[in-house]
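Here is the file structure_2.txt (compact mmCIF, C-alpha atoms).
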```txt
# COMPACT_ATOMS: atom_id res chain seq x y z
CA MET A 98 7.62 31.02 -105.48
CA ARG A 99 4.77 33.49 -105.09
CA PHE A 100 4.54 36.79 -103.26
CA ASP A 101 1.20 38.50 -102.74
CA ILE A 102 1.53 42.15 -101.72
CA VAL A 103 -1.28 43.99 -99.96
CA THR A 104 -0.67 47.71 -100.33
CA LEU A 105 -2.26 51.11 -100.81
CA PHE A 106 0.31 51.91 -103.49
CA PRO A 107 0.68 49.00 -105.95
CA GLU A 108 1.99 51.43 -108.58
CA LEU A 109 5.25 51.73 -106.61
CA PHE A 110 6.15 48.14 -107.54
CA ALA A 111 5.67 48.23 -111.31
CA PRO A 112 8.92 50.06 -112.26
CA HIS A 113 11.02 47.74 -110.13
CA LEU A 114 9.46 44.57 -111.53
CA ALA A 115 9.98 45.71 -115.13
CA HIS A 116 13.58 46.92 -115.03
CA GLY A 117 17.02 45.82 -113.93
CA ILE A 118 18.67 42.44 -113.71
CA THR A 119 16.13 41.04 -111.27
CA ARG A 120 13.29 41.51 -113.77
CA ARG A 121 14.39 38.16 -115.23
CA ALA A 122 13.14 36.44 -112.10
CA PHE A 123 9.74 38.12 -112.39
CA GLU A 124 9.37 37.70 -116.17
CA SER A 125 10.30 34.02 -116.01
CA GLY A 126 7.88 33.37 -113.18
CA GLN A 127 10.59 32.17 -110.83
CA VAL A 128 9.32 34.84 -108.47
CA GLY A 129 5.63 35.51 -109.01
CA VAL A 130 4.30 38.83 -107.72
CA HIS A 131 0.60 39.62 -107.28
CA LEU A 132 -0.43 43.11 -106.19
CA TRP A 133 -3.57 43.77 -104.16
CA GLN A 134 -5.00 47.27 -103.71
CA LEU A 135 -6.30 47.35 -100.14
CA ARG A 136 -8.94 49.99 -100.97
CA ASP A 137 -10.70 47.41 -103.14
CA PHE A 138 -11.70 45.69 -99.91
CA ALA A 139 -13.21 48.74 -98.19
CA ASP A 140 -16.95 48.57 -97.43
CA ASN A 141 -17.77 52.26 -97.91
CA ASN A 142 -18.21 54.59 -100.87
CA TYR A 143 -15.06 56.51 -99.98
CA ARG A 144 -12.91 53.32 -100.05
CA ARG A 145 -11.66 54.27 -96.63
CA VAL A 146 -9.37 51.79 -94.88
CA ASP A 147 -8.23 53.86 -91.89
CA ASP A 148 -9.71 55.55 -88.83
CA ARG A 149 -8.75 57.32 -85.60
CA PRO A 150 -7.13 55.23 -82.86
CA TYR A 151 -8.94 54.53 -79.61
CA GLY A 152 -7.44 56.49 -76.75
CA GLY A 153 -6.59 59.45 -78.99
CA GLY A 154 -3.23 60.45 -80.32
CA PRO A 155 -1.88 61.63 -83.68
CA GLY A 156 -2.37 59.89 -86.98
CA MET A 157 -4.69 57.19 -88.25
CA LEU A 158 -4.67 53.40 -88.04
CA MET A 159 -5.31 50.88 -90.81
CA LEU A 160 -8.56 49.04 -90.06
CA ALA A 161 -8.62 45.31 -89.36
CA GLU A 162 -11.71 44.41 -91.40
CA PRO A 163 -10.53 45.51 -94.88
CA LEU A 164 -7.25 43.74 -94.22
CA GLU A 165 -9.06 40.55 -93.22
CA ARG A 166 -11.17 40.63 -96.38
CA ALA A 167 -8.05 41.19 -98.50
CA LEU A 168 -6.20 38.36 -96.77
CA ALA A 169 -9.13 35.97 -97.27
CA LYS A 170 -9.19 36.78 -101.00
CA VAL A 171 -5.43 36.31 -101.33
CA ARG A 172 -5.58 32.93 -99.61
CA GLN A 173 -8.53 31.87 -101.77
CA GLN A 174 -6.62 32.69 -104.95
CA ARG A 175 -3.43 31.00 -103.74
CA ALA A 176 -5.41 27.85 -102.95
CA ALA A 177 -7.11 27.90 -106.36
CA ALA A 178 -3.68 28.15 -107.99
CA GLY A 179 -2.39 25.21 -105.98
CA GLU A 180 -0.08 27.44 -103.93
CA SER A 181 0.57 27.03 -100.22
CA ALA A 182 -1.11 29.54 -97.92
CA GLY A 183 2.28 31.13 -97.20
CA PRO A 184 3.27 33.09 -94.11
CA VAL A 185 1.90 36.59 -93.58
CA VAL A 186 4.72 39.13 -93.24
CA HIS A 187 4.33 42.53 -91.62
CA PHE A 188 7.11 45.10 -92.05
CA SER A 189 7.66 46.83 -88.74
CA PRO A 190 10.49 48.41 -86.68
CA THR A 191 9.78 45.69 -84.11
CA GLY A 192 10.64 42.91 -86.55
CA ARG A 193 13.79 40.90 -87.19
CA VAL A 194 16.29 42.84 -89.26
CA ILE A 195 16.59 41.42 -92.77
CA ASP A 196 20.06 39.98 -93.42
CA GLN A 197 21.62 37.77 -96.09
CA ALA A 198 21.09 34.59 -94.10
CA LEU A 199 17.37 35.31 -93.90
CA VAL A 200 17.26 36.22 -97.61
CA ARG A 201 18.78 32.84 -98.50
CA GLN A 202 16.04 31.11 -96.50
CA TRP A 203 13.31 33.05 -98.31
CA ALA A 204 14.97 32.48 -101.70
CA ASN A 205 14.48 28.73 -101.23
CA GLY A 206 10.95 28.99 -99.87
CA PRO A 207 7.41 29.12 -101.30
CA GLY A 208 7.02 32.89 -100.98
CA ALA A 209 4.73 34.83 -98.67
CA ILE A 210 1.94 37.35 -98.26
CA LEU A 211 3.54 40.76 -97.70
CA LEU A 212 1.55 43.30 -95.73
CA CYS A 213 2.59 46.92 -96.37
CA GLY A 214 1.34 49.08 -93.53
CA ARG A 215 0.87 52.85 -93.65
CA TYR A 216 -0.14 55.73 -91.37
CA GLU A 217 0.51 55.16 -87.65
CA GLY A 218 0.26 51.41 -88.07
CA ILE A 219 -2.26 48.55 -88.15
CA ASP A 220 -4.96 47.54 -85.69
CA GLN A 221 -3.17 45.22 -83.27
CA ARG A 222 -6.00 42.71 -83.38
CA PHE A 223 -5.29 41.98 -87.03
CA LEU A 224 -1.60 41.55 -86.30
CA ASP A 225 -2.33 39.19 -83.40
CA ARG A 226 -4.68 37.08 -85.48
CA HIS A 227 -2.88 36.81 -88.78
CA VAL A 228 0.77 37.90 -88.88
CA ASP A 229 3.34 35.11 -88.78
CA VAL A 230 6.57 37.07 -89.28
CA GLU A 231 7.64 40.67 -88.66
CA LEU A 232 10.64 42.01 -90.59
CA SER A 233 12.55 45.30 -90.51
CA LEU A 234 15.20 47.07 -92.60
CA GLY A 235 16.83 48.49 -89.47
CA ASP A 236 16.47 50.87 -86.56
CA PHE A 237 14.68 53.68 -88.37
CA VAL A 238 11.11 54.45 -89.37
CA LEU A 239 9.71 54.50 -92.92
CA SER A 240 6.40 55.86 -94.17
CA GLY A 241 5.19 52.40 -95.13
CA GLY A 242 6.05 48.79 -95.85
CA GLU A 243 6.51 49.16 -99.60
CA LEU A 244 10.24 49.89 -99.51
CA PRO A 245 11.05 46.92 -97.24
CA ALA A 246 8.88 44.71 -99.45
CA LEU A 247 10.77 45.86 -102.54
CA ALA A 248 14.09 45.26 -100.78
CA LEU A 249 13.08 41.71 -99.86
CA LEU A 250 11.82 40.99 -103.39
CA ASP A 251 15.03 42.26 -104.97
CA ALA A 252 17.28 40.33 -102.59
CA VAL A 253 15.31 37.10 -103.10
CA ALA A 254 15.05 37.51 -106.89
CA ARG A 255 18.80 37.94 -107.46
CA LEU A 256 19.47 34.59 -105.79
CA GLN A 257 17.28 32.66 -108.25
CA PRO A 258 19.14 30.47 -110.80
CA GLY A 259 19.94 32.25 -114.04
CA VAL A 260 18.97 35.73 -112.84
CA LEU A 261 22.50 37.07 -112.53
CA GLY A 262 24.75 36.96 -115.59
CA ASP A 263 27.32 34.96 -113.62
CA GLN A 264 26.03 32.54 -111.00
CA GLN A 265 29.19 33.12 -108.97
CA SER A 266 28.34 36.81 -108.55
CA HIS A 267 26.17 36.49 -105.48
CA LEU A 268 28.71 34.21 -103.82
CA GLN A 269 31.10 37.18 -103.65
CA ASP A 270 28.53 39.65 -102.35
CA SER A 271 28.87 41.24 -98.95
CA PHE A 272 27.47 39.01 -96.18
CA SER A 273 27.39 35.88 -98.37
CA ASP A 274 30.07 34.39 -96.14
CA GLY A 275 29.22 36.59 -93.20
CA LEU A 276 31.77 39.31 -94.02
CA LEU A 277 31.87 42.46 -96.14
CA ASP A 278 32.95 42.11 -99.75
CA CYS A 279 36.45 43.14 -100.87
CA PRO A 280 37.12 46.18 -103.11
CA HIS A 281 36.80 45.72 -106.87
CA PHE A 282 38.60 47.41 -109.78
CA SER A 283 38.03 47.71 -113.53
CA ARG A 284 39.55 49.51 -116.57
CA PRO A 285 41.61 51.59 -117.02
CA GLU A 286 44.53 50.03 -115.19
CA VAL A 287 45.71 53.51 -114.21
CA LEU A 288 43.13 56.19 -113.43
CA PRO A 289 44.62 59.61 -114.36
CA ALA A 290 45.15 62.23 -111.70
CA ALA A 291 42.29 64.66 -111.12
CA GLU A 292 42.03 67.88 -109.13
CA GLY A 293 42.75 66.97 -105.53
CA PHE A 294 43.39 63.31 -106.33
CA PRO A 295 46.65 61.61 -107.40
CA GLU A 296 46.99 59.04 -110.14
CA ALA A 297 45.53 55.72 -108.99
CA GLY A 298 46.45 52.25 -110.20
CA VAL A 299 44.95 48.81 -109.77
CA PRO A 300 46.59 46.63 -107.08
CA ALA A 301 49.34 44.69 -108.84
CA VAL A 302 48.18 41.30 -107.57
CA LEU A 303 44.94 41.60 -109.56
CA SER A 304 46.90 41.81 -112.80
CA SER A 305 49.31 39.02 -111.89
CA GLY A 306 47.26 36.11 -113.25
CA ASN A 307 48.03 34.20 -110.05
CA HIS A 308 44.55 33.10 -109.04
CA ARG A 309 45.65 31.72 -105.70
CA GLU A 310 47.25 35.02 -104.72
CA ILE A 311 44.27 36.95 -106.03
CA ALA A 312 41.91 34.87 -103.89
CA ARG A 313 44.14 35.37 -100.87
CA TRP A 314 44.29 39.15 -101.45
CA ARG A 315 40.51 39.37 -101.76
CA ARG A 316 39.99 37.37 -98.58
CA GLU A 317 42.40 39.55 -96.65
CA GLN A 318 40.77 42.71 -97.92
CA SER A 319 37.38 41.34 -96.89
CA LEU A 320 38.70 40.61 -93.41
CA LEU A 321 40.32 44.04 -93.14
CA LEU A 322 37.22 45.93 -94.24
CA SER A 323 34.95 43.90 -91.99
CA ALA A 324 37.23 44.33 -88.97
CA ARG A 325 37.44 48.10 -89.43
CA ARG A 326 33.84 48.86 -90.33
CA ARG A 327 31.82 45.97 -88.89
CA PRO A 328 33.83 44.28 -86.13
CA ASP A 329 30.62 42.58 -85.04
CA LEU A 330 30.80 40.49 -88.22
CA ILE A 331 34.29 39.29 -87.32
CA GLU A 332 33.17 38.28 -83.84
CA LYS A 333 30.16 36.45 -85.23
CA ALA A 334 32.32 34.64 -87.79
CA ARG A 335 34.66 33.59 -84.97
CA ALA A 336 31.77 32.35 -82.86
CA ASP A 337 30.39 30.36 -85.81
CA GLY A 338 33.80 28.85 -86.62
CA ARG A 339 33.92 30.42 -90.10
CA LEU A 340 37.41 31.93 -89.78
CA SER A 341 40.31 29.75 -90.87
CA ASP A 342 43.71 29.63 -89.18
CA SER A 343 45.12 31.81 -91.97
CA ASP A 344 42.29 34.31 -91.42
CA GLU A 345 43.15 34.55 -87.74
CA GLN A 346 46.85 34.83 -88.52
CA TYR A 347 46.20 37.75 -90.85
CA LEU A 348 44.02 39.53 -88.28
CA ARG A 349 46.65 39.05 -85.57
CA LYS A 350 49.27 40.50 -87.94
CA LEU A 351 47.13 43.62 -88.23
CA GLY A 352 46.55 43.75 -84.50
CA LEU A 353 42.83 43.29 -85.02
```

Write the structure described by the file as structure tokens, please.
Amino acid sequence: MRFDIVTLFPELFAPHLAHGITRRAFESGQVGVHLWQLRDFADNNYRRVDDRPYGGGPGMLMLAEPLERALAKVRQQRAAAGESAGPVVHFSPTGRVIDQALVRQWANGPGAILLCGRYEGIDQRFLDRHVDVELSLGDFVLSGGELPALALLDAVARLQPGVLGDQQSHLQDSFSDGLLDCPHFSRPEVLPAAEGFPEAGVPAVLSSGNHREIARWRREQSLLLSARRRPDLIEKARADGRLSDSDEQYLRKLGL
């Protein structure tokens, strides 16, 4: 799996690729990352890759021609390495919101060419000619595409075999089954009282050793949290037929 990232700020990616659990995916080559400085494809002494928009208005636009030269070079190198051309991804508020289902699709794919825009955006002619997929982190605006690209890389990397210490970890993550994850507890069994907070213990079922009851408790907590904070997830799970009879019985008991 190979990701080529066209960006004005390749230095933003280095710390992420070298640290944390997901670095295993990058160091092992399971997820290959190649960074391309867009200014290297400018055709002027000032390495300028932006200009004023036609029609006026604030801000600057990224020029189509440097982007086309960069894209041609990326595709040439991918072909020389025996890699597929890969889809071109543009991060934009107009794109599909990234969710866990989409991440799973990308985690099993060949990778992509990630285009990190800046300024007021990118010349529409380049987008019309070359972009295959537009993705978004949500209904808000960022200064550029680097943060969404990092988010996608991290989400894809952690799903690769052997990256997480326990392969079952990602199966319990929020959204893996369409719902929010349940609460989790660790040592000590009783957290001492603090100013403004009473003593707090771990739910007894988690110390019972009864794995069936523990699984049931976790499922019910997942349902409860999802129903209260993201009822849309419950409705989608119902529509997709992913709620069991016992799930529905528990929700009815809560009046949810």

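Distance annotation: of A:Gln221, A:Arg172, A:Pro184, A:Asn205, the residue with the minimal separation from Tyr151 in chain A is A:Gln221; atom set is all atoms listed in the file.
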
Need to verify the contact set: range 165-170 of chain A, 8 Å, all atoms listed in the file, exclusion of same-chain residues closer than 6 positions in sequence. Can you return it as a PyMOL selection string? chain A and resi 103+133+135+138+223

Close residues, Gln318 in chain A itself excluded, 6 Å, all atoms listed in the file, min 3 positions apart in chain, as a list in words: Cys279, Arg315 and Leu321 of chain A

The distance between CA of Gly306 in chain A and CA of Ser341 in chain A is 24.3 Å

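Every protein, DNA or RNA residue with an atom at most 7 Å from range 179-183 of chain A, where all atoms listed in the file count and chain neighbours fewer than 6 positions away do not, is listed here: Arg172, Pro207, Gly208, Ala209 and Ile210 of chain A.
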
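CA of Ala161 in chain A is positioned 10.3 Å from CA of His227 in chain A.
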
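When all atoms listed in the file are used to compute distances to Leu212 in chain A, the closest of the residues A:Ser323, A:Ser304, A:Ser189, A:Ser343 turns out to be A:Ser189.
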
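The space between CA of Val186 in chain A and CA of Asp137 in chain A spans 20.1 Å.
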
Please provide as an MDAnalysis selection string all residues within 8 Å of range 194-200 of chain A, with the sequence filter that same-chain residues fewer than 3 positions apart are discarded (counting all atoms listed in the file). chainID A and resid 203:204 232:235 249 252:253 272:273

All residues 12 Å or closer to Thr104 in chain A, all atoms listed in the file, same chain fewer than 5 positions away omitted, as a PDB file with C-alpha atoms, in the coordinates of the input:
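Output saved as out-v6.pdb:
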```
ATOM      1  CA  LEU A 109       5.250  51.730-106.610  1.00  0.00           C
ATOM      2  CA  PHE A 110       6.150  48.140-107.540  1.00  0.00           C
ATOM      3  CA  HIS A 131       0.600  39.620-107.280  1.00  0.00           C
ATOM      4  CA  LEU A 132      -0.430  43.110-106.190  1.00  0.00           C
ATOM      5  CA  TRP A 133      -3.570  43.770-104.160  1.00  0.00           C
ATOM      6  CA  GLN A 134      -5.000  47.270-103.710  1.00  0.00           C
ATOM      7  CA  LEU A 135      -6.300  47.350-100.140  1.00  0.00           C
ATOM      8  CA  ARG A 136      -8.940  49.990-100.970  1.00  0.00           C
ATOM      9  CA  ASP A 137     -10.700  47.410-103.140  1.00  0.00           C
ATOM     10  CA  PHE A 138     -11.700  45.690 -99.910  1.00  0.00           C
ATOM     11  CA  VAL A 146      -9.370  51.790 -94.880  1.00  0.00           C
ATOM     12  CA  MET A 159      -5.310  50.880 -90.810  1.00  0.00           C
ATOM     13  CA  PRO A 163     -10.530  45.510 -94.880  1.00  0.00           C
ATOM     14  CA  LEU A 164      -7.250  43.740 -94.220  1.00  0.00           C
ATOM     15  CA  ALA A 167      -8.050  41.190 -98.500  1.00  0.00           C
ATOM     16  CA  LEU A 168      -6.200  38.360 -96.770  1.00  0.00           C
ATOM     17  CA  HIS A 187       4.330  42.530 -91.620  1.00  0.00           C
ATOM     18  CA  PHE A 188       7.110  45.100 -92.050  1.00  0.00           C
ATOM     19  CA  ILE A 210       1.940  37.350 -98.260  1.00  0.00           C
ATOM     20  CA  LEU A 211       3.540  40.760 -97.700  1.00  0.00           C
ATOM     21  CA  LEU A 212       1.550  43.300 -95.730  1.00  0.00           C
ATOM     22  CA  CYS A 213       2.590  46.920 -96.370  1.00  0.00           C
ATOM     23  CA  GLY A 214       1.340  49.080 -93.530  1.00  0.00           C
ATOM     24  CA  ARG A 215       0.870  52.850 -93.650  1.00  0.00           C
ATOM     25  CA  GLY A 241       5.190  52.400 -95.130  1.00  0.00           C
ATOM     26  CA  GLY A 242       6.050  48.790 -95.850  1.00  0.00           C
ATOM     27  CA  GLU A 243       6.510  49.160 -99.600  1.00  0.00           C
ATOM     28  CA  LEU A 244      10.240  49.890 -99.510  1.00  0.00           C
ATOM     29  CA  ALA A 246       8.880  44.710 -99.450  1.00  0.00           C
ATOM     30  CA  LEU A 247      10.770  45.860-102.540  1.00  0.00           C
TER      31      LEU A 247
END
```

Counting all atoms listed in the file, which of A:Gly293, A:Arg120, A:Ile219, A:Glu286 gets nearest to Asp148 in chain A? A:Ile219

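Using only C-alpha atoms for every distance, the candidate list A:Glu162, A:Asp274, A:Glu310, A:Glu345 yields A:Glu162 as the residue closest to Arg222 in chain A.
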
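Nearest residue to Ala297 in chain A, choosing from A:Arg284, A:Arg339, A:Arg313, A:Lys333 and counting only C-alpha atoms: A:Arg284.
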
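Shortest atom-to-atom contact with Pro190 in chain A among A:Asn307, A:Ser240, A:Asn142, A:Gln174: A:Ser240, counting only C-alpha atoms.
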
Protein and nucleic acid residues near (31.0, 45.7, -96.4) (cut-off 7 Å, all atoms listed in the file) as JSON, numbers by chain: {"A": [271, 276, 277, 278, 322, 323]}
